[in-house]
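Chemist: Contents of query-v5.cif (mmCIF, C-alpha atoms and all ligand atoms) are given next:
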```cif
data_entry
#
loop_
_atom_site.label_atom_id
_atom_site.label_comp_id
_atom_site.auth_asym_id
_atom_site.auth_seq_id
_atom_site.Cartn_x
_atom_site.Cartn_y
_atom_site.Cartn_z
CA MET A 692 52.07 23.65 72.42
CA LYS A 693 54.42 26.52 71.87
CA MET A 694 55.86 29.30 73.94
CA ASN A 695 54.55 32.75 73.20
CA SER A 696 55.54 36.28 74.00
CA LEU A 697 53.47 38.25 76.45
CA ASN A 698 52.60 40.58 73.58
CA GLU A 699 51.16 37.68 71.55
CA ILE A 700 49.06 36.70 74.57
CA ALA A 701 47.85 40.30 74.93
CA GLN A 702 46.87 40.51 71.26
CA TYR A 703 45.02 37.21 71.53
CA LEU A 704 43.10 38.33 74.61
CA LYS A 705 42.15 41.60 72.92
CA ASN A 706 40.51 39.61 70.13
CA THR A 707 38.61 37.14 72.32
CA ASP A 708 35.79 37.42 74.84
CA ASN A 709 33.79 35.46 77.42
CA SER A 710 36.76 34.11 79.35
CA VAL A 711 37.00 32.04 82.48
CA ILE A 712 40.20 32.32 84.49
CA LEU A 713 41.32 29.26 86.43
CA THR A 714 43.40 29.19 89.60
CA HIS A 715 45.40 26.20 90.88
CA ARG A 716 44.07 23.90 93.58
CA TYR A 717 44.61 24.98 97.17
CA PRO A 718 44.61 28.53 95.76
CA ASP A 719 47.15 30.92 97.24
CA GLY A 720 47.56 34.68 97.07
CA ASP A 721 49.49 34.58 93.81
CA THR A 722 47.13 32.46 91.72
CA LEU A 723 44.10 34.34 93.15
CA GLY A 724 45.74 37.76 92.75
CA SER A 725 46.69 36.89 89.16
CA ALA A 726 43.18 35.73 88.31
CA PHE A 727 41.27 38.63 89.85
CA ALA A 728 43.68 41.25 88.48
CA LEU A 729 43.37 39.89 84.94
CA CYS A 730 39.61 39.44 85.24
CA ARG A 731 39.18 43.06 86.33
CA ALA A 732 41.41 44.25 83.48
CA LEU A 733 39.47 42.29 80.86
CA ARG A 734 36.21 43.71 82.21
CA LYS A 735 37.65 47.20 81.89
CA LEU A 736 38.05 46.41 78.20
CA GLY A 737 34.30 45.74 78.10
CA LYS A 738 34.71 41.98 77.98
CA LYS A 739 32.89 39.34 79.98
CA SER A 740 35.17 37.41 82.31
CA ARG A 741 34.92 35.51 85.57
CA VAL A 742 37.29 33.76 87.93
CA ILE A 743 36.76 30.10 88.77
CA VAL A 744 38.27 29.73 92.23
CA ASN A 745 39.69 26.24 92.54
CA GLY A 746 38.45 25.66 96.09
CA VAL A 747 37.28 28.25 98.59
CA LEU A 748 37.95 31.98 98.54
CA THR A 749 38.76 32.13 102.25
CA GLY A 750 37.92 35.17 104.36
CA LYS A 751 41.29 36.86 104.14
CA PHE A 752 41.15 36.86 100.32
CA GLN A 753 37.59 38.22 99.96
CA TYR A 754 38.79 41.73 99.11
CA LEU A 755 40.25 40.46 95.83
CA ALA A 756 36.69 40.06 94.53
CA LYS A 757 35.15 43.15 96.11
CA ASN A 758 32.76 45.23 93.97
CA MET A 759 32.76 42.60 91.23
CA ASP A 760 29.31 41.60 90.00
CA GLU A 761 28.51 38.05 89.01
CA GLN A 762 28.69 37.41 85.31
CA ASN A 763 27.08 34.34 83.84
CA PHE A 764 27.83 33.44 80.25
CA GLU A 765 28.88 30.54 78.08
CA TYR A 766 32.64 30.58 78.16
CA GLU A 767 34.66 30.68 74.95
CA THR A 768 38.15 31.33 76.26
CA VAL A 769 39.95 29.50 79.08
CA ILE A 770 42.88 31.15 80.85
CA ALA A 771 45.14 29.49 83.46
CA VAL A 772 47.27 31.57 85.84
CA ASP A 773 50.15 30.42 88.08
CA ILE A 774 49.53 26.80 87.03
CA ALA A 775 52.55 24.65 86.16
CA SER A 776 50.72 21.53 84.94
CA THR A 777 47.17 20.26 84.45
CA SER A 778 47.44 18.12 87.58
CA GLN A 779 47.41 21.38 89.55
CA LEU A 780 43.92 21.99 88.22
CA GLY A 781 42.68 19.35 90.66
CA GLU A 782 38.93 18.92 90.31
CA LEU A 783 38.84 21.34 87.36
CA GLU A 784 41.18 19.10 85.33
CA GLU A 785 38.41 16.94 83.94
CA GLU A 786 36.40 19.81 82.47
CA PHE A 787 39.20 22.17 81.51
CA GLY A 788 42.43 20.14 81.29
CA GLY A 789 42.40 19.87 77.48
CA LYS A 790 40.71 23.20 76.81
CA VAL A 791 43.07 25.85 78.12
CA ASP A 792 43.74 28.56 75.53
CA VAL A 793 46.16 30.77 77.44
CA SER A 794 48.54 30.00 80.30
CA VAL A 795 50.59 32.64 82.10
CA ASP A 796 52.96 31.22 84.69
CA HIS A 797 56.26 31.69 86.51
CA HIS A 798 57.21 28.10 87.41
CA GLY A 799 60.51 26.98 85.89
CA MET A 800 59.24 23.41 85.63
CA ASN A 801 56.07 24.43 83.76
CA MET A 802 54.81 21.60 81.53
CA PRO A 803 52.97 23.43 78.74
CA PHE A 804 49.33 22.36 78.37
CA ALA A 805 47.69 25.42 76.76
CA LYS A 806 47.43 26.55 73.14
CA MET A 807 49.44 29.63 74.09
CA THR A 808 51.90 29.69 76.96
CA TYR A 809 54.00 32.41 78.54
CA VAL A 810 56.39 31.40 81.31
CA ASN A 811 58.79 33.79 82.97
CA ALA A 812 60.60 31.93 85.73
CA LYS A 813 62.48 35.07 86.80
CA ALA A 814 59.25 36.59 88.06
CA ALA A 815 59.10 36.21 91.84
CA ALA A 816 55.31 36.08 91.60
CA ASN A 817 53.08 35.38 88.65
CA THR A 818 51.34 38.70 89.30
CA GLU A 819 54.54 40.33 87.97
CA ASN A 820 53.71 38.75 84.60
CA ILE A 821 50.08 39.81 84.94
CA TYR A 822 51.19 43.39 85.70
CA TYR A 823 53.06 43.57 82.39
CA LEU A 824 50.24 41.77 80.56
CA ILE A 825 47.68 44.32 81.77
CA LYS A 826 49.96 47.12 80.57
CA LEU A 827 50.13 45.46 77.14
CA LEU A 828 46.33 45.24 77.13
CA GLY A 829 46.34 49.01 77.48
CA VAL A 830 44.31 48.94 80.68
CA GLU A 831 45.01 51.48 83.40
CA ILE A 832 45.79 49.75 86.69
CA ASP A 833 43.35 51.03 89.32
CA ARG A 834 43.48 50.52 93.08
CA ASP A 835 41.50 47.28 93.04
CA ILE A 836 43.75 45.76 90.38
CA ALA A 837 46.80 47.07 92.27
CA ASP A 838 45.62 45.29 95.45
CA CYS A 839 45.31 42.02 93.51
CA ILE A 840 48.75 42.29 91.94
CA TYR A 841 50.33 43.32 95.25
CA THR A 842 48.76 40.30 96.98
CA GLY A 843 50.63 37.94 94.65
CA LEU A 844 53.87 39.86 95.07
CA CYS A 845 53.88 39.81 98.85
CA THR A 846 52.58 36.26 99.36
CA ASP A 847 55.01 34.57 96.94
CA THR A 848 57.98 36.44 98.43
CA GLY A 849 57.24 35.98 102.14
CA CYS A 850 56.59 39.74 102.31
CA PHE A 851 59.56 40.58 100.07
CA LYS A 852 61.97 38.49 102.18
CA PHE A 853 62.85 35.53 99.93
CA SER A 854 65.78 35.33 97.52
CA ASN A 855 63.37 35.33 94.55
CA VAL A 856 62.78 39.08 95.00
CA THR A 857 64.33 41.16 92.21
CA SER A 858 64.64 44.89 91.67
CA ASP A 859 61.76 44.44 89.20
CA THR A 860 59.58 43.08 92.02
CA MET A 861 60.34 46.19 94.02
CA ARG A 862 59.74 48.55 91.09
CA ILE A 863 56.34 46.99 90.43
CA ALA A 864 55.48 47.16 94.14
CA ALA A 865 56.51 50.84 94.17
CA ASP A 866 54.27 51.57 91.18
CA LEU A 867 51.36 49.78 92.90
CA MET A 868 51.90 51.90 96.00
CA ASP A 869 51.85 55.06 93.88
CA ILE A 870 48.51 53.90 92.50
CA GLY A 871 47.27 53.57 96.07
CA CYS A 872 47.21 49.86 96.84
CA ASP A 873 46.56 49.06 100.48
CA SER A 874 49.96 47.46 101.11
CA ALA A 875 50.04 47.89 104.90
CA LEU A 876 46.62 46.30 105.36
CA ILE A 877 47.38 43.44 102.96
CA ASN A 878 50.71 42.77 104.69
CA ARG A 879 49.00 42.68 108.08
CA VAL A 880 46.25 40.33 106.92
CA MET A 881 48.72 37.99 105.16
CA PHE A 882 51.62 38.01 107.62
CA ASP A 883 50.68 39.42 111.03
CA THR A 884 47.28 37.84 111.56
CA LYS A 885 46.77 34.33 112.95
CA SER A 886 43.64 32.44 113.90
CA LEU A 887 43.07 31.97 117.63
CA SER A 888 43.44 28.20 117.12
CA ARG A 889 46.84 28.78 115.55
CA ILE A 890 48.05 30.81 118.52
CA LYS A 891 46.69 28.13 120.88
CA ILE A 892 48.44 25.31 119.04
CA GLU A 893 51.67 27.34 119.02
CA ARG A 894 51.40 27.76 122.78
CA ALA A 895 50.84 24.03 123.25
CA VAL A 896 53.69 23.18 120.90
CA LEU A 897 56.17 25.52 122.64
CA GLU A 898 55.43 23.69 125.91
CA THR A 899 56.90 20.55 124.33
CA LEU A 900 60.19 22.17 123.28
CA THR A 901 63.35 20.30 124.25
CA LEU A 902 66.97 21.14 123.37
CA HIS A 903 69.81 18.71 122.78
CA CYS A 904 73.53 18.62 121.94
CA ASP A 905 74.55 21.99 123.36
CA ASN A 906 71.28 23.56 122.17
CA LYS A 907 72.11 22.79 118.55
CA ILE A 908 69.11 20.50 118.06
CA ALA A 909 65.58 21.56 119.01
CA VAL A 910 62.53 19.30 119.03
CA ILE A 911 58.82 20.10 119.29
CA ASN A 912 55.82 17.83 118.91
CA THR A 913 52.08 17.95 118.38
CA THR A 914 49.51 15.38 119.46
CA MET A 915 46.05 14.65 118.13
CA ALA A 916 44.67 15.65 121.53
CA MET A 917 46.31 19.06 121.15
CA GLU A 918 44.72 19.55 117.75
CA LYS A 919 41.34 18.66 119.18
CA GLU A 920 41.65 20.89 122.25
CA THR A 921 42.81 23.94 120.29
CA GLY A 922 40.40 23.42 117.39
CA ALA A 923 43.37 23.62 115.02
CA GLU A 924 42.58 22.89 111.38
CA ASP A 925 45.04 21.72 108.74
CA SER A 926 45.80 25.32 107.77
CA ASP A 927 46.68 26.07 111.41
CA MET A 928 49.20 23.21 111.44
CA ASP A 929 51.11 24.53 108.40
CA GLY A 930 54.52 25.98 109.04
CA LEU A 931 54.88 24.83 112.65
CA ALA A 932 58.04 23.05 111.53
CA ALA A 933 59.71 26.44 111.05
CA ILE A 934 59.58 27.12 114.81
CA PRO A 935 62.48 25.05 116.23
CA ARG A 936 65.01 26.31 113.68
CA GLN A 937 64.13 29.92 114.53
CA ILE A 938 65.96 29.52 117.86
CA GLU A 939 69.36 31.21 117.77
CA GLY A 940 72.13 28.62 117.64
CA VAL A 941 69.87 25.75 116.57
CA VAL A 942 71.13 24.05 113.39
CA ILE A 943 68.68 21.13 113.26
CA GLY A 944 65.01 21.71 114.07
CA ILE A 945 62.72 18.71 114.40
CA THR A 946 58.92 18.68 114.50
CA ILE A 947 57.10 15.47 115.38
CA LYS A 948 53.39 15.37 114.53
CA GLU A 949 51.18 12.59 115.82
CA LYS A 950 49.15 11.46 112.82
CA GLY A 951 47.58 8.30 114.21
CA GLU A 952 48.03 5.85 117.04
CA ASN A 953 51.77 5.13 117.24
CA HIS A 954 52.27 6.89 113.92
CA PHE A 955 54.28 10.10 113.59
CA ARG A 956 55.11 12.42 110.72
CA ILE A 957 58.46 14.12 111.20
CA SER A 958 59.73 17.35 109.63
CA VAL A 959 63.40 18.29 109.80
CA ARG A 960 64.75 21.77 109.05
CA THR A 961 68.47 22.49 108.97
CA VAL A 962 70.92 25.31 108.38
CA ASP A 963 74.51 25.40 107.10
CA ASP A 964 76.01 22.09 105.99
CA TYR A 965 73.60 19.89 107.90
CA ASP A 966 71.50 17.82 105.53
CA ALA A 967 67.84 17.32 106.42
CA ALA A 968 67.24 14.81 103.63
CA GLU A 969 70.17 12.66 104.89
CA ILE A 970 68.62 12.50 108.36
CA CYS A 971 65.21 11.55 106.97
CA LYS A 972 66.58 8.90 104.60
CA ASN A 973 67.33 6.74 107.66
CA PHE A 974 63.59 6.22 107.95
CA GLY A 975 62.63 5.91 104.31
CA GLY A 976 61.95 9.62 103.86
CA GLY A 977 63.78 12.34 101.98
CA GLY A 978 63.48 15.94 100.85
CA HIS A 979 65.93 18.73 100.22
CA HIS A 980 69.12 19.86 101.89
CA ALA A 981 67.40 22.27 104.27
CA ALA A 982 64.00 20.59 104.62
CA GLY A 983 63.11 16.92 104.85
CA GLY A 984 60.41 14.63 106.11
CA CYS A 985 59.80 11.03 107.13
CA SER A 986 57.42 8.86 109.14
CA ILE A 987 58.25 6.79 112.20
CA ASP A 988 55.98 4.30 113.95
CA GLY A 989 56.12 3.56 117.68
CA THR A 990 55.46 5.58 120.81
CA LEU A 991 56.26 9.29 120.89
CA ASP A 992 59.34 8.62 123.03
CA GLU A 993 60.57 5.96 120.63
CA ALA A 994 60.03 8.18 117.58
CA LYS A 995 61.78 11.05 119.29
CA SER A 996 64.84 9.06 120.36
CA LYS A 997 65.18 7.49 116.89
CA ILE A 998 65.10 10.79 115.01
CA LEU A 999 67.36 12.42 117.61
CA GLU A 1000 69.92 9.67 117.17
CA ALA A 1001 69.98 10.24 113.41
CA ALA A 1002 70.18 14.02 113.87
CA GLU A 1003 73.10 13.67 116.29
CA ARG A 1004 74.95 11.53 113.77
CA GLU A 1005 74.45 14.24 111.12
CA LEU A 1006 75.66 16.85 113.61
CA ARG A 1007 78.86 14.96 114.32
CA LYS A 1008 79.68 13.91 110.75
MN MN P 1 53.07 31.77 92.26
#
```
Show me the file's structure as structure tokens.
Ligand SMILES: [Mn+2]

Modeler:
Amino acid sequence: MKMNSLNEIAQYLKNTDNSVILTHRYPDGDTLGSAFALCRALRKLGKKSRVIVNGVLTGKFQYLAKNMDEQNFEYETVIAVDIASTSQLGELEEEFGGKVDVSVDHHGMNMPFAKMTYVNAKAAANTENIYYLIKLLGVEIDRDIADCIYTGLCTDTGCFKFSNVTSDTMRIAADLMDIGCDSALINRVMFDTKSLSRIKIERAVLETLTLHCDNKIAVINTTMAMEKETGAEDSDMDGLAAIPRQIEGVVIGITIKEKGENHFRISVRTVDDYDAAEICKNFGGGGHHAAGGCSIDGTLDEAKSKILEAAERELRK
């Protein structure tokens, strides 16, 4: 296991063929964008390559694979993209865990598992690394490849909002736009489109909103009945915890999700000096300064008053 330069990886890929490219489990826009961009580039070099999607290529990501024919072949080369450790291979770990030849990643805590590894933790998205790798392969980036690279850039940066964005990210995005990537459409699909179930669960959740302590603490909750009525799936429930803290003046946002009878999962989001992990530790949970979680058993009212009490203590400290 040694670290390699991107150039060494490019030279290696030029001299190999018949590759499979693996994405991490619960694949997101960055791992998928990395895999399809690299796969398309290798095919442009006349090589056989296919992506093994680690899960389902959901509807909104279908365009990444558009106009790509199926290629069946015995694989000789295994490439991992945006994967920090073999455990992230999920169900693919058994077959591929010990067989990865090349890994290109951007996670600072990458635990090398491939014969050749390139990690650049300064890259906001792994598709930044793939962009430079494709250039080193000498492949011209076309619109389809540009769409794939752009997808990783925008999804791993919250549409270029997060603090991980660098001037490099912007320069690459600008180049992709010059090539003709469909940035407006991709942004809309990734950031401005929600399932009907998601909108319905948001409406139900907003009905539960209560404010406390001079409107500094906001609480929302979900119930299993709500999930059933709205048809919300797990993916629709993601990120609801961001809602209470979005309210102007709120410094502690609390989301209480009913997970079973008299069993609640609680997410706390804070701003400024207020410590979410401290609040959650009272109930055997933890997390980070700005985001924490814990579980509380009892009725909804009991769970709510317990977590509110802890939040008020944090507010007054
Ligand atoms: Mn990533």

Chemist: Hey, which residues sit close to ligand MN 1 (chain P)? Say within 7 Å, counting only C-alpha atoms and all ligand atoms, and write them as a PDB file with C-alpha atoms, in the frame of the given file.

Modeler:
```pdb
ATOM      1  CA  ASP A 721      49.490  34.580  93.810  1.00  0.00           C
ATOM      2  CA  THR A 722      47.130  32.460  91.720  1.00  0.00           C
ATOM      3  CA  ASP A 773      50.150  30.420  88.080  1.00  0.00           C
ATOM      4  CA  HIS A 797      56.260  31.690  86.510  1.00  0.00           C
ATOM      5  CA  ALA A 816      55.310  36.080  91.600  1.00  0.00           C
ATOM      6  CA  ASN A 817      53.080  35.380  88.650  1.00  0.00           C
ATOM      7  CA  ASP A 847      55.010  34.570  96.940  1.00  0.00           C
TER       8      ASP A 847
END
```

Chemist: Using only C-alpha atoms, can you list as a VMD selection string the residues within 12 Å of (44.8, 26.3, 94.6)?

Modeler: chain A and resid 713 to 724 726 743 to 749 771 to 775 778 to 783

Chemist: Name the residues in contact with Glu969 of chain A at a cut-off of 10 Å, using all atoms listed in the file, excluding same-chain residues fewer than 2 positions from it; report them as a PyMOL selection string.

Modeler: chain A and resi 965-967+971-974+976-980+983+1001-1002+1005

Chemist: Output C-alpha atoms for every residue in the selection just made, as a PDB file, in the coordinates of the input.

Modeler:
```pdb
ATOM      1  CA  TYR A 965      73.600  19.890 107.900  1.00  0.00           C
ATOM      2  CA  ASP A 966      71.500  17.820 105.530  1.00  0.00           C
ATOM      3  CA  ALA A 967      67.840  17.320 106.420  1.00  0.00           C
ATOM      4  CA  CYS A 971      65.210  11.550 106.970  1.00  0.00           C
ATOM      5  CA  LYS A 972      66.580   8.900 104.600  1.00  0.00           C
ATOM      6  CA  ASN A 973      67.330   6.740 107.660  1.00  0.00           C
ATOM      7  CA  PHE A 974      63.590   6.220 107.950  1.00  0.00           C
ATOM      8  CA  GLY A 976      61.950   9.620 103.860  1.00  0.00           C
ATOM      9  CA  GLY A 977      63.780  12.340 101.980  1.00  0.00           C
ATOM     10  CA  GLY A 978      63.480  15.940 100.850  1.00  0.00           C
ATOM     11  CA  HIS A 979      65.930  18.730 100.220  1.00  0.00           C
ATOM     12  CA  HIS A 980      69.120  19.860 101.890  1.00  0.00           C
ATOM     13  CA  GLY A 983      63.110  16.920 104.850  1.00  0.00           C
ATOM     14  CA  ALA A1001      69.980  10.240 113.410  1.00  0.00           C
ATOM     15  CA  ALA A1002      70.180  14.020 113.870  1.00  0.00           C
ATOM     16  CA  GLU A1005      74.450  14.240 111.120  1.00  0.00           C
TER      17      GLU A1005
END
```

Chemist: Please determine, counting only C-alpha atoms, which residue among A:Val880, A:Leu1006, A:Ile911, A:Ala932 has the shortest atom-to-atom distance to Asp963 of chain A.

Modeler: A:Leu1006

Chemist: Return the single residue from A:Leu827, A:Met807, A:Met917, A:Ile832 that is closest to Leu867 of chain A, with distances computed using only C-alpha atoms.

Modeler: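 Going through A:Leu827, A:Met807, A:Met917, A:Ile832 one by one, the smallest distance to Leu867 of chain A is for A:Ile832.
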
Chemist: Residues proximal to (56.1, 20.4, 114.1) were defined as those with any atom within 8 Å of that point in the file's coordinates, counting only C-alpha atoms. Which are they, as a list in words?

Modeler: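 Neighbouring residues, ordered by chain and number, come to Val896, Ile911, Asn912, Thr913, Met928, Gly930, Leu931, Ala932, Ala933, Ile934, Ile945, Thr946, Ile947, Lys948, Ile957 and Ser958 of chain A.
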
Chemist: Using Å and a single decimal, report how far atom CA of Ala981 of chain A sits from atom CA of Glu819 of chain A.

Modeler: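 Between atom CA of Glu819 of chain A and atom CA of Ala981 of chain A the gap works out to 27.5 Å.
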
Chemist: Given the choices A:Asn953, A:Tyr822, A:Ile840, A:Glu1003, which gets closest to Ile987 of chain A if the distance is worked out from only C-alpha atoms?

Modeler: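 Of all the options, A:Asn953 lies closest to Ile987 of chain A.
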
Chemist: Using only C-alpha atoms for the distances, tell me which of A:Leu736, A:Met759, A:Ala814, A:Ile836 is nearest to Gly871 of chain A.

Modeler: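 Among A:Leu736, A:Met759, A:Ala814, A:Ile836, it is A:Ile836 that comes nearest to Gly871 of chain A.
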
Chemist: Compile the contact shell of Ala909 of chain A as a list in words: residues with an atom at most 8 Å away, counting only C-alpha atoms, same-chain residues fewer than 6 positions apart removed.

Modeler: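 So, after excluding close chain neighbours, the residues are Leu900, Thr901, Leu902, His903, Pro935, Arg936, Val941, Ile943, Gly944 and Ile945 of chain A.
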
Chemist: Which residues are near Ser710 of chain A? Cut-off 8 Å, all atoms listed in the file, ignore same chain within fewer than 3 positions. Put them as a ChimeraX atom specification.

Modeler: /A:707,739-741,766-770

Chemist: Restricting the calculation to all atoms listed in the file: of A:Gly922, A:Asp992, A:Arg956, A:Met694, which residue gets closest to Met802 of chain A?

Modeler: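 Smallest distance to Met802 of chain A is found for A:Met694.
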
Chemist: Smallest atom-to-atom distance to Glu952 of chain A: which of A:Asp760, A:Glu993, A:Asp796, A:Asp988, using all atoms listed in the file?

Modeler: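 Smallest distance to Glu952 of chain A is found for A:Asp988.
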
Chemist: Can you measure atom CA of Arg960 of chain A to atom CA of Thr914 of chain A for me? One decimal in Å is fine.

Modeler: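 Separation between atom CA of Arg960 of chain A and atom CA of Thr914 of chain A: 19.5 Å.
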